[in-house]
$ cat protein-v5.cif   # mmCIF, C-alpha atoms and all ligand atoms
data_start
loop_
_atom_site.group_PDB
_atom_site.id
_atom_site.type_symbol
_atom_site.label_atom_id
_atom_site.label_comp_id
_atom_site.auth_asym_id
_atom_site.auth_seq_id
_atom_site.Cartn_x
_atom_site.Cartn_y
_atom_site.Cartn_z
ATOM 1 C CA MET A 1 41.956 148.161 51.005
ATOM 2 C CA ALA A 2 39.641 146.845 48.307
ATOM 3 C CA GLU A 3 38.695 143.156 48.128
ATOM 4 C CA PRO A 4 41.797 141.134 47.165
ATOM 5 C CA ASP A 5 41.874 140.232 43.468
ATOM 6 C CA ALA A 6 44.318 138.647 41.010
ATOM 7 C CA GLY A 7 46.480 141.758 41.111
ATOM 8 C CA THR A 8 46.794 141.994 44.898
ATOM 9 C CA LEU A 9 50.403 142.145 46.083
ATOM 10 C CA LEU A 10 51.471 140.173 49.136
ATOM 11 C CA LEU A 11 53.771 141.245 51.967
ATOM 12 C CA GLY A 12 54.195 139.973 55.477
ATOM 13 C CA VAL A 13 56.158 139.414 58.632
ATOM 14 C CA VAL A 14 57.845 136.098 59.361
ATOM 15 C CA GLY A 15 58.655 134.985 62.900
ATOM 16 C CA HIS A 16 58.382 132.191 65.436
ATOM 17 C CA PRO A 17 56.270 133.033 67.368
ATOM 18 C CA VAL A 18 54.620 135.792 65.345
ATOM 19 C CA ARG A 19 50.967 135.819 66.424
ATOM 20 C CA HIS A 20 51.581 138.730 68.819
ATOM 21 C CA SER A 21 53.126 140.869 66.049
ATOM 22 C CA LEU A 22 51.713 144.366 65.582
ATOM 23 C CA SER A 23 53.265 144.690 62.120
ATOM 24 C CA PRO A 24 50.137 143.495 60.211
ATOM 25 C CA ALA A 25 47.997 146.138 61.961
ATOM 26 C CA ILE A 26 50.600 148.856 61.338
ATOM 27 C CA GLN A 27 51.388 147.981 57.707
ATOM 28 C CA ASN A 28 47.791 147.269 56.618
ATOM 29 C CA ALA A 29 46.706 150.633 58.037
ATOM 30 C CA ALA A 30 49.318 152.290 55.823
ATOM 31 C CA LEU A 31 48.305 150.213 52.774
ATOM 32 C CA ARG A 32 44.645 151.154 53.287
ATOM 33 C CA HIS A 33 45.517 154.808 53.787
ATOM 34 C CA ASP A 34 47.543 154.887 50.561
ATOM 35 C CA GLY A 35 44.912 152.902 48.618
ATOM 36 C CA ARG A 36 47.362 150.177 47.564
ATOM 37 C CA ASN A 37 46.115 146.863 46.204
ATOM 38 C CA ALA A 38 48.241 144.870 48.653
ATOM 39 C CA ILE A 39 47.855 142.833 51.805
ATOM 40 C CA TYR A 40 50.267 142.195 54.695
ATOM 41 C CA LEU A 41 50.035 138.911 56.638
ATOM 42 C CA ALA A 42 51.866 137.168 59.497
ATOM 43 C CA PHE A 43 53.716 133.916 58.706
ATOM 44 C CA GLU A 44 54.541 131.540 61.537
ATOM 45 C CA VAL A 45 57.620 129.665 60.283
ATOM 46 C CA ALA A 46 59.891 127.339 62.285
ATOM 47 C CA PRO A 47 63.659 127.865 61.871
ATOM 48 C CA ASP A 48 64.088 124.624 59.887
ATOM 49 C CA ASN A 49 61.648 125.886 57.271
ATOM 50 C CA PHE A 50 62.948 129.439 56.951
ATOM 51 C CA GLU A 51 65.055 128.986 53.844
ATOM 52 C CA VAL A 52 62.417 127.095 51.904
ATOM 53 C CA PHE A 53 59.846 129.680 52.995
ATOM 54 C CA VAL A 54 61.945 132.531 51.579
ATOM 55 C CA GLU A 55 62.484 130.618 48.339
ATOM 56 C CA GLY A 56 58.712 130.111 48.042
ATOM 57 C CA MET A 57 58.003 133.761 48.732
ATOM 58 C CA ARG A 58 60.498 134.805 46.077
ATOM 59 C CA ALA A 59 58.972 132.391 43.557
ATOM 60 C CA ALA A 60 55.502 133.688 44.388
ATOM 61 C CA GLY A 61 56.558 137.261 43.625
ATOM 62 C CA VAL A 62 55.989 138.548 47.134
ATOM 63 C CA ARG A 63 56.799 142.247 47.393
ATOM 64 C CA GLY A 64 58.630 142.199 50.689
ATOM 65 C CA LEU A 65 58.929 140.704 54.142
ATOM 66 C CA ASN A 66 59.701 141.857 57.616
ATOM 67 C CA VAL A 67 61.650 139.430 59.717
ATOM 68 C CA THR A 68 61.429 139.038 63.462
ATOM 69 C CA LEU A 69 62.890 136.665 66.056
ATOM 70 C CA PRO A 70 64.470 134.178 65.689
ATOM 71 C CA HIS A 71 65.106 134.622 61.954
ATOM 72 C CA LYS A 72 67.059 137.881 61.655
ATOM 73 C CA ARG A 73 70.446 136.156 61.339
ATOM 74 C CA ALA A 74 69.130 133.475 58.960
ATOM 75 C CA ALA A 75 67.598 136.245 56.841
ATOM 76 C CA PHE A 76 70.997 137.920 56.648
ATOM 77 C CA ASP A 77 72.473 134.639 55.390
ATOM 78 C CA VAL A 78 69.917 134.079 52.604
ATOM 79 C CA CYS A 79 69.948 137.599 51.144
ATOM 80 C CA THR A 80 71.901 138.072 47.922
ATOM 81 C CA THR A 81 72.566 141.756 48.699
ATOM 82 C CA VAL A 82 72.536 143.536 52.054
ATOM 83 C CA THR A 83 72.721 147.168 53.094
ATOM 84 C CA GLU A 84 75.576 148.535 55.186
ATOM 85 C CA GLU A 85 73.352 148.493 58.296
ATOM 86 C CA ALA A 86 72.439 144.841 57.795
ATOM 87 C CA GLN A 87 76.078 143.984 57.180
ATOM 88 C CA TRP A 88 77.188 145.730 60.357
ATOM 89 C CA THR A 89 74.635 144.010 62.579
ATOM 90 C CA GLU A 90 74.605 140.725 60.613
ATOM 91 C CA ALA A 91 70.839 140.907 61.068
ATOM 92 C CA VAL A 92 68.088 141.579 58.511
ATOM 93 C CA ASN A 93 64.585 142.706 59.475
ATOM 94 C CA THR A 94 63.390 143.806 56.021
ATOM 95 C CA MET A 95 63.693 141.817 52.796
ATOM 96 C CA THR A 96 62.642 142.951 49.343
ATOM 97 C CA PHE A 97 62.472 140.738 46.282
ATOM 98 C CA GLU A 98 63.801 142.197 43.064
ATOM 99 C CA GLY A 99 63.761 139.468 40.416
ATOM 100 C CA GLU A 100 66.375 136.913 41.459
ATOM 101 C CA GLU A 101 67.793 139.296 44.054
ATOM 102 C CA VAL A 102 66.816 139.238 47.714
ATOM 103 C CA VAL A 103 67.841 142.528 49.303
ATOM 104 C CA GLY A 104 68.233 142.697 53.080
ATOM 105 C CA ASP A 105 68.096 145.788 55.237
ATOM 106 C CA ASN A 106 68.042 146.494 58.970
ATOM 107 C CA THR A 107 65.527 149.262 59.651
ATOM 108 C CA ASP A 108 65.786 148.783 63.441
ATOM 109 C CA ILE A 109 68.790 151.118 63.360
ATOM 110 C CA GLU A 110 66.995 153.977 61.627
ATOM 111 C CA GLY A 111 63.962 153.230 63.831
ATOM 112 C CA VAL A 112 66.027 153.828 66.970
ATOM 113 C CA ARG A 113 67.715 156.930 65.538
ATOM 114 C CA LYS A 114 64.444 158.521 64.411
ATOM 115 C CA THR A 115 62.748 157.754 67.731
ATOM 116 C CA LEU A 116 65.582 159.470 69.614
ATOM 117 C CA LEU A 117 65.345 162.482 67.292
ATOM 118 C CA GLU A 118 61.545 162.557 67.678
ATOM 119 C CA LEU A 119 62.087 162.730 71.441
ATOM 120 C CA GLY A 120 64.258 165.781 70.811
ATOM 121 C CA ALA A 121 67.584 164.107 71.601
ATOM 122 C CA GLU A 122 70.661 166.080 70.628
ATOM 123 C CA LEU A 123 72.924 163.289 69.496
ATOM 124 C CA ASP A 124 75.878 165.361 68.316
ATOM 125 C CA GLY A 125 78.666 164.902 70.818
ATOM 126 C CA ALA A 126 76.297 163.258 73.314
ATOM 127 C CA LYS A 127 77.208 160.611 75.865
ATOM 128 C CA ILE A 128 74.854 157.788 74.954
ATOM 129 C CA LEU A 129 74.406 154.886 77.359
ATOM 130 C CA VAL A 130 73.267 151.671 75.672
ATOM 131 C CA ILE A 131 72.041 149.120 78.215
ATOM 132 C CA GLY A 132 72.224 145.603 76.773
ATOM 133 C CA ALA A 133 74.434 144.139 74.059
ATOM 134 C CA GLY A 134 72.123 141.658 72.290
ATOM 135 C CA GLY A 135 70.631 142.240 68.839
ATOM 136 C CA ALA A 136 68.700 145.323 69.959
ATOM 137 C CA GLY A 137 71.771 146.679 71.760
ATOM 138 C CA ARG A 138 73.795 146.350 68.572
ATOM 139 C CA ALA A 139 71.143 148.259 66.612
ATOM 140 C CA ALA A 140 71.077 151.003 69.271
ATOM 141 C CA ALA A 141 74.873 151.314 69.285
ATOM 142 C CA ARG A 142 74.937 151.525 65.495
ATOM 143 C CA ALA A 143 72.199 154.172 65.561
ATOM 144 C CA SER A 144 74.392 156.260 67.876
ATOM 145 C CA MET A 145 77.528 155.958 65.751
ATOM 146 C CA GLY A 146 78.555 158.901 63.661
ATOM 147 C CA SER A 147 76.977 161.498 65.911
ATOM 148 C CA ALA A 148 77.518 160.463 69.537
ATOM 149 C CA GLY A 149 80.589 161.760 71.341
ATOM 150 C CA GLU A 150 80.818 158.615 73.453
ATOM 151 C CA ILE A 151 78.877 155.355 73.414
ATOM 152 C CA TRP A 152 78.811 153.604 76.773
ATOM 153 C CA ILE A 153 77.846 149.950 76.702
ATOM 154 C CA ALA A 154 76.631 148.187 79.843
ATOM 155 C CA ASN A 155 75.689 144.527 79.723
ATOM 156 C CA ARG A 156 75.181 141.883 82.415
ATOM 157 C CA THR A 157 77.566 139.541 80.588
ATOM 158 C CA PRO A 158 80.801 141.522 80.076
ATOM 159 C CA ALA A 159 82.071 139.495 77.106
ATOM 160 C CA ARG A 160 79.107 140.566 74.989
ATOM 161 C CA ALA A 161 79.663 144.220 75.888
ATOM 162 C CA GLU A 162 83.339 143.858 74.910
ATOM 163 C CA LYS A 163 82.402 142.322 71.580
ATOM 164 C CA LEU A 164 80.065 145.198 70.786
ATOM 165 C CA ARG A 165 82.682 147.738 71.879
ATOM 166 C CA GLY A 166 85.089 146.118 69.429
ATOM 167 C CA SER A 167 82.591 146.573 66.589
ATOM 168 C CA VAL A 168 81.793 150.193 67.457
ATOM 169 C CA GLY A 169 85.424 151.233 67.785
ATOM 170 C CA ARG A 170 87.040 154.179 69.498
ATOM 171 C CA ALA A 171 83.879 156.038 70.503
ATOM 172 C CA ALA A 172 82.788 153.098 72.681
ATOM 173 C CA ARG A 173 83.517 152.239 76.292
ATOM 174 C CA VAL A 174 82.347 149.284 78.366
ATOM 175 C CA ILE A 175 80.646 150.135 81.656
ATOM 176 C CA PRO A 176 80.824 147.377 84.291
ATOM 177 C CA TRP A 177 77.288 146.202 85.114
ATOM 178 C CA LYS A 178 77.647 147.189 88.768
ATOM 179 C CA GLU A 179 78.488 150.763 87.699
ATOM 180 C CA LEU A 180 75.367 151.106 85.570
ATOM 181 C CA ALA A 181 73.671 153.586 87.934
ATOM 182 C CA ASP A 182 76.712 155.913 88.017
ATOM 183 C CA ALA A 183 76.899 155.908 84.218
ATOM 184 C CA ALA A 184 73.155 156.584 83.983
ATOM 185 C CA VAL A 185 73.579 159.686 86.140
ATOM 186 C CA GLU A 186 76.212 161.054 83.734
ATOM 187 C CA ALA A 187 74.668 160.070 80.389
ATOM 188 C CA ASP A 188 72.846 162.552 78.116
ATOM 189 C CA VAL A 189 70.781 159.857 76.396
ATOM 190 C CA ILE A 190 69.861 156.353 77.598
ATOM 191 C CA VAL A 191 68.683 153.484 75.397
ATOM 192 C CA HIS A 192 67.520 150.406 77.302
ATOM 193 C CA THR A 193 67.586 147.240 75.178
ATOM 194 C CA THR A 194 67.519 144.306 77.635
ATOM 195 C CA SER A 195 64.425 142.218 78.179
ATOM 196 C CA VAL A 196 64.122 143.367 81.819
ATOM 197 C CA GLY A 197 60.685 144.914 82.295
ATOM 198 C CA LEU A 198 59.062 142.765 79.618
ATOM 199 C CA SER A 199 56.978 140.637 81.937
ATOM 200 C CA GLU A 200 57.750 141.912 85.413
ATOM 201 C CA SER A 201 57.681 145.368 86.943
ATOM 202 C CA GLU A 202 61.438 145.207 87.582
ATOM 203 C CA THR A 203 63.599 147.925 85.994
ATOM 204 C CA VAL A 204 67.334 148.211 85.385
ATOM 205 C CA LEU A 205 67.460 151.763 86.794
ATOM 206 C CA LYS A 206 66.026 152.976 90.080
ATOM 207 C CA ARG A 207 63.865 156.056 90.278
ATOM 208 C CA GLU A 208 66.470 157.817 92.480
ATOM 209 C CA THR A 209 69.070 157.275 89.753
ATOM 210 C CA LEU A 210 66.772 158.780 87.122
ATOM 211 C CA GLU A 211 66.070 161.746 89.379
ATOM 212 C CA LYS A 212 69.784 162.453 89.804
ATOM 213 C CA SER A 213 70.547 161.941 86.119
ATOM 214 C CA LYS A 214 71.566 164.617 83.595
ATOM 215 C CA CYS A 215 69.801 162.511 80.983
ATOM 216 C CA LYS A 216 67.345 164.411 78.746
ATOM 217 C CA VAL A 217 66.014 161.518 76.654
ATOM 218 C CA LEU A 218 65.392 157.850 77.453
ATOM 219 C CA LEU A 219 64.247 155.193 75.004
ATOM 220 C CA ASP A 220 63.140 151.832 76.393
ATOM 221 C CA LEU A 221 62.927 149.260 73.620
ATOM 222 C CA VAL A 222 60.618 147.098 75.747
ATOM 223 C CA TYR A 223 56.895 147.563 75.144
ATOM 224 C CA GLY A 224 53.683 146.065 76.384
ATOM 225 C CA PRO A 225 50.006 146.986 76.482
ATOM 226 C CA GLY A 226 50.815 149.877 78.807
ATOM 227 C CA GLU A 227 53.903 152.042 78.962
ATOM 228 C CA THR A 228 56.795 150.470 80.876
ATOM 229 C CA LYS A 229 57.673 151.321 84.468
ATOM 230 C CA LEU A 230 61.057 152.622 83.261
ATOM 231 C CA VAL A 231 59.377 155.082 80.865
ATOM 232 C CA LEU A 232 56.861 156.280 83.463
ATOM 233 C CA GLU A 233 59.555 156.768 86.108
ATOM 234 C CA ALA A 234 61.856 158.548 83.660
ATOM 235 C CA ARG A 235 59.031 160.935 82.751
ATOM 236 C CA GLY A 236 58.356 161.459 86.436
ATOM 237 C CA ALA A 237 62.002 162.518 86.736
ATOM 238 C CA GLY A 238 61.564 165.091 83.948
ATOM 239 C CA ILE A 239 63.173 162.985 81.194
ATOM 240 C CA ARG A 240 61.536 162.801 77.758
ATOM 241 C CA ALA A 241 60.888 159.086 77.319
ATOM 242 C CA ALA A 242 59.280 156.603 74.949
ATOM 243 C CA ASP A 243 58.983 152.846 74.877
ATOM 244 C CA GLY A 244 59.517 150.274 72.152
ATOM 245 C CA LEU A 245 56.142 150.907 70.524
ATOM 246 C CA ALA A 246 57.394 154.250 69.191
ATOM 247 C CA MET A 247 60.447 152.528 67.740
ATOM 248 C CA LEU A 248 58.366 149.661 66.311
ATOM 249 C CA VAL A 249 56.287 152.190 64.373
ATOM 250 C CA LEU A 250 59.316 154.026 63.006
ATOM 251 C CA GLN A 251 61.202 150.873 61.971
ATOM 252 C CA GLY A 252 57.956 149.771 60.269
ATOM 253 C CA ALA A 253 57.707 153.136 58.525
ATOM 254 C CA GLU A 254 61.289 152.702 57.261
ATOM 255 C CA ALA A 255 60.381 149.227 55.982
ATOM 256 C CA TYR A 256 57.325 150.691 54.197
ATOM 257 C CA VAL A 257 59.609 153.203 52.483
ATOM 258 C CA THR A 258 61.833 150.306 51.368
ATOM 259 C CA PHE A 259 58.890 148.239 50.073
ATOM 260 C CA TRP A 260 57.208 151.039 48.160
ATOM 261 C CA ASP A 261 59.944 153.569 47.478
ATOM 262 C CA THR A 262 57.779 156.378 48.779
ATOM 263 C CA SER A 263 57.195 158.150 52.080
ATOM 264 C CA ALA A 264 55.213 156.366 54.814
ATOM 265 C CA PRO A 265 52.007 157.644 56.475
ATOM 266 C CA VAL A 266 53.691 157.604 59.895
ATOM 267 C CA GLU A 267 50.808 159.073 61.918
ATOM 268 C CA VAL A 268 48.369 156.502 60.499
ATOM 269 C CA MET A 269 50.826 153.741 61.406
ATOM 270 C CA ARG A 270 51.321 155.143 64.912
ATOM 271 C CA GLN A 271 47.585 155.293 65.530
ATOM 272 C CA ALA A 272 47.175 151.701 64.287
ATOM 273 C CA ALA A 273 49.863 150.541 66.753
ATOM 274 C CA LEU A 274 48.220 152.402 69.650
ATOM 275 C CA ASP A 275 44.812 150.952 68.720
ATOM 276 C CA ALA A 276 46.258 147.447 68.412
ATOM 277 C CA VAL A 277 47.558 147.524 72.005
ATOM 278 C CA GLY A 278 44.492 149.383 73.238
ATOM 279 C CA ARG A 279 46.402 152.480 74.291
ATOM 280 C CA ALA A 280 45.347 156.108 74.089
ATOM 281 C CA GLU A 281 47.709 158.674 72.554
ATOM 282 C CA PRO A 282 50.309 159.563 75.232
HETATM 283 P P1 LIG B 1 67.630 141.153 71.673
HETATM 284 O O1 LIG B 1 67.908 140.722 70.282
HETATM 285 O O2 LIG B 1 66.207 141.565 71.935
HETATM 286 O O3 LIG B 1 68.600 142.200 72.151
HETATM 287 P P2 LIG B 1 69.085 139.088 73.047
HETATM 288 O O4 LIG B 1 70.102 139.074 71.966
HETATM 289 O O5 LIG B 1 68.614 137.790 73.608
HETATM 290 O O6 LIG B 1 67.792 139.835 72.578
HETATM 291 O O7 LIG B 1 69.645 140.006 74.241
HETATM 292 C C1 LIG B 1 68.957 140.161 75.437
HETATM 293 C C2 LIG B 1 69.638 141.255 76.259
HETATM 294 O O8 LIG B 1 68.949 141.357 77.518
HETATM 295 C C3 LIG B 1 71.085 140.962 76.589
HETATM 296 O O9 LIG B 1 71.782 142.174 76.710
HETATM 297 C C4 LIG B 1 70.946 140.262 77.957
HETATM 298 O O10 LIG B 1 72.098 140.287 78.755
HETATM 299 P P3 LIG B 1 73.164 139.087 78.705
HETATM 300 O O11 LIG B 1 74.001 139.330 77.504
HETATM 301 O O12 LIG B 1 73.895 139.202 79.978
HETATM 302 O O13 LIG B 1 72.324 137.825 78.622
HETATM 303 C C5 LIG B 1 69.877 141.125 78.570
HETATM 304 N N1 LIG B 1 69.193 140.521 79.702
HETATM 305 C C6 LIG B 1 68.253 139.545 79.692
HETATM 306 N N2 LIG B 1 67.812 139.274 80.943
HETATM 307 C C7 LIG B 1 68.505 140.098 81.789
HETATM 308 C C8 LIG B 1 68.492 140.318 83.197
HETATM 309 N N3 LIG B 1 67.689 139.624 84.007
HETATM 310 N N4 LIG B 1 69.328 141.272 83.690
HETATM 311 C C9 LIG B 1 70.131 141.981 82.898
HETATM 312 N N5 LIG B 1 70.184 141.835 81.541
HETATM 313 C C10 LIG B 1 69.380 140.907 80.996
#

$ encode --input "protein-v5.cif" --output "structure tokens"
Amino acid sequence: MAEPDAGTLLLGVVGHPVRHSLSPAIQNAALRHDGRNAIYLAFEVAPDNFEVFVEGMRAAGVRGLNVTLPHKRAAFDVCTTVTEEAQWTEAVNTMTFEGEEVVGDNTDIEGVRKTLLELGAELDGAKILVIGAGGAGRAAARASMGSAGEIWIANRTPARAEKLRGSVGRAARVIPWKELADAAVEADVIVHTTSVGLSESETVLKRETLEKSKCKVLLDLVYGPGETKLVLEARGAGIRAADGLAMLVLQGAEAYVTFWDTSAPVEVMRQAALDAVGRAEP
């Protein structure tokens, strides 16, 4: 990236909190690699200021924004046009400004799907177990739709699992939380989307369960400086596994494609994410 000048385009990620975000490292690495005169910053914006922030960004001619917690629903509400994925999840993580239009997309879905495919998952006809039914669970369920044979949804609070099942339709089934281990043994693909494992070394699935499982691919949407216990134990049980960092890179790559209407330098972005958390290539 050259020194910013009067022609430098601005992009960024908006969240609250946002200081831990890896998106600036990932996106700026791609901008540098592609020699674009653009810069990507992090904007810490409280919920009460979100709407006025977006209006200001639009007026300033900002190229695009990524949106993280807690603004994904508010972003959906302020967009003038949304993609099918954003509509389905009622959550926007990527906004582009096109004149008066604010276009909202949800690249988390494609991020999950591409990460599963990168892990070699065969999604066609597969039994996919989605653990968790929050925003990330919704994105994972949507990513499985269309190809999965069955989508099993397990969530601690049953009402949320039921709601997601209703949105997914006939391919979906709710798994009672206490039957999670049995379902995990039978599933072909597992996507873990709860916050368990974020700060403690607790996991939702025991090692014995993973060892008995038919599962070939496991994606844990949690990530930290190191790989999660769930990912390490799954690998130990012979399952191909990745954590949320892999997905973060691929949803960021999808956003880059949306911002610039060109392919993304995915390997550069992946390396930037690994460097930012101080991890070596797995
Ligand atoms: P996100 O958008 O990241 O999915 P969220 O909408 O707050 O965040 O959802 C968090 C998910 O983690 C939910 O599935 C939640 O389960 P509940 O619906 O029962 O709250 C799950 N979760 C959080 N803490 C949990 C715990 N200790 N055990 C099991 N599930 C947990």

$ resolve_selection --input "protein-v5.cif" --expression "the PyMOL selection byres (((chain A and resi 35-43) around 10) and not hetatm)" --output "ChimeraX atom specification"
/A:1-34,44-46,53,63-67,260

$ atom_distance --input "protein-v5.cif" --atom1 "CA of Thr94 (chain A)" --atom2 "CA of Ile131 (chain A)"
24.4 Å

$ residues_near_ligand --input "protein-v5.cif" --ligand "ligand LIG 1 (chain B)" --cutoff "9 Å" --atoms "only C-alpha atoms and all ligand atoms" --output "count of residues only"
28

$ atom_distance --input "protein-v5.cif" --atom1 "CA of Leu123 (chain A)" --atom2 "CA of Met269 (chain A)"
25.4 Å

$ resolve_selection --input "protein-v5.cif" --expression "the PyMOL selection byres (((chain A and resi 267) around 12) and not hetatm)" --output "PyMOL selection string"
chain A and resi 26-27+29-30+33+246+249-250+252-253+263-266+268-274+281

$ residues_around --input "protein-v5.cif" --residues "Glu101 (chain A)" --least-positions-apart "6" --cutoff "8 Å" --atoms "all atoms listed in the file" --output "PyMOL selection string"
chain A and resi 79-81

$ residues_around --input "protein-v5.cif" --residues "Ala141 (chain A)" --least-positions-apart "4" --cutoff "8 Å" --atoms "only C-alpha atoms" --output "CSV table (one decimal) with C-alpha atoms, in the coordinates of the input"
chain,number,residue,atom,x,y,z
A,130,VAL,CA,73.3,151.7,75.7
A,137,GLY,CA,71.8,146.7,71.8
A,145,MET,CA,77.5,156.0,65.8
A,151,ILE,CA,78.9,155.4,73.4
A,168,VAL,CA,81.8,150.2,67.5

$ closest_residue --input "protein-v5.cif" --among "A:Ile128, A:Val217, A:Ala276, A:Ala86" --to "Ala187 (chain A)" --atoms "all atoms listed in the file"
A:Ile128

$ closest_residue --input "protein-v5.cif" --among "A:Glu122, A:Glu202, A:Glu208, A:Asp220" --to "Asp188 (chain A)" --atoms "all atoms listed in the file"
A:Glu122
